[in-house]
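Reviewing the structure listed below.
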Amino acid sequence: KLRKLFSFSEAPRFFHPMMMACRAAPKMMMADSHMVPEMADSAPLVGFGGGSAQVPTFEIRKKFPETWIFDAFEMSEGKSILTKTVPDTITSWILTGFAIDPINGLGLTDAPTKLNVFQPFFVSTNLPYSIKRGETVAIPIIIFNYLEQDQEVNVTMFNNDGEFEFINEASAEKQSTKNVSVHLNTGSTVSFMIKPLKAGNIKIKVVASSCVAGDGLEQFLRVEPEGVTQYKNEALFIDLRNEKSFKSAVNIEVPEFAVPDSTKIEVSAMGDI
């Protein structure tokens with residue numbers, strides 16, 4: 001959890017902080033500065049995970065928001081403490097804030113505060129925005145090692161829900177594992193070839209572990225149906241000047257040879273006052 005104390009020379013009543021990511025990079029346990037080569041600076045350092053030298057333990061990171069905090073609250077005596085759980089993204093967050101008081105006016109932070117979130121061993125992936133169902137795609141997994149020695153790492157991708165197939169492996173396989181050597185202060189990449197079997201969001205779950213460290217992440221990949229999208233619009237005029245409610249039935253005919261799981265309906269209303 002992160003605690004940050006804000007103070008002002010005067011005592012505004014309302015403080016409005018906002019935090020956003022400015023550099024992508026995964027979560028952790030407090031890491032010492034010597035474990036962060038060429039990345040440590042004056043910003044506070046937060047870490048996640050942990051584990052023993054024999055059996056490393058870690059949590060699967062799942063929370064990767066684009067923005068983090070956007071809160072408005074009332075303060076007393078010019079100070080307030082925020083307690084927040086840091087998201088799972090390995091990145092730098094920029095914290096700024098302002099205060100509004102009916103007597104003293106507008107108060108601003110002197111300068112943005114930077115918070116580095118880091119751990120010495122982590123995995124990362126760069127998923128495409130979307131892919132087509134039935135399309136074969138490579139999922140790149142990058143393993144970063146900022147420990148004090150080289151690591152022999154087992155990387156496993158899971159398919160527990162059967163949402164895709166591993167290429168060049170039995171289609172019923174629920175997981176696929178690859179081994180890779182990762183030198184200290186560097187990153188290594190492995191790729192898993194998959195073919196999605198369903199439209200919608202499929203789960204990409206990856207775990208990487210060595211004898212002393214481990215990390216895992218879970219993200220979702222958007223899968224679009226194959227084929228070319230066809231649109232049909234139906235307009236209705238709703239007049240509520242003399243009625244309090246409106247009801248109408250609209251028949252939508254889906255073509256016989258429409259791609260399975262590709263049909264969806266969107267409704268919007270536009271006022272004319």
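Just so we're on the same page: first chain in the structure tokens is A, next is B, and so on; residues restart at 1 for each chain, and ligands are numbered from 1 in the order they show up.
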Give me the residues within 12 Å of Glu165 in chain A as an NGL selection string, counting only C-alpha atoms and dropping any in the same chain fewer than 5 places off.
:A and (133-138 or 157-160 or 170-176 or 192-198 or 202)
Residues of range 85-159 of chain A that have any atom at most 8 Å from an atom of range 205-219 of chain A: could you tabulate them with the shortest-distance atom pair and the distance in Å to one decimal, using only C-alpha atoms, ordered by chain and increasing number, as JSON lines?
```
{"residue": "A:Phe121", "atom": "CA", "partner": "A:Ala213", "partner_atom": "CA", "distance": 6.6}
{"residue": "A:Phe122", "atom": "CA", "partner": "A:Asp215", "partner_atom": "CA", "distance": 5.3}
{"residue": "A:Val123", "atom": "CA", "partner": "A:Asp215", "partner_atom": "CA", "distance": 6.3}
{"residue": "A:Ser124", "atom": "CA", "partner": "A:Leu217", "partner_atom": "CA", "distance": 7.7}
{"residue": "A:Ile143", "atom": "CA", "partner": "A:Ala208", "partner_atom": "CA", "distance": 7.5}
{"residue": "A:Gln151", "atom": "CA", "partner": "A:Ser210", "partner_atom": "CA", "distance": 6.3}
{"residue": "A:Glu152", "atom": "CA", "partner": "A:Ser210", "partner_atom": "CA", "distance": 5.8}
{"residue": "A:Val153", "atom": "CA", "partner": "A:Ser210", "partner_atom": "CA", "distance": 4.7}
{"residue": "A:Asn154", "atom": "CA", "partner": "A:Ser209", "partner_atom": "CA", "distance": 5.5}
{"residue": "A:Val155", "atom": "CA", "partner": "A:Ala208", "partner_atom": "CA", "distance": 4.3}
{"residue": "A:Thr156", "atom": "CA", "partner": "A:Val207", "partner_atom": "CA", "distance": 5.3}
{"residue": "A:Met157", "atom": "CA", "partner": "A:Val206", "partner_atom": "CA", "distance": 4.5}
{"residue": "A:Phe158", "atom": "CA", "partner": "A:Lys205", "partner_atom": "CA", "distance": 5.5}
{"residue": "A:Asn159", "atom": "CA", "partner": "A:Lys205", "partner_atom": "CA", "distance": 7.6}
```
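One distance worth recording is that between CA of Thr113 in chain A and CA of Thr96 in chain A, which is 6.6 Å.
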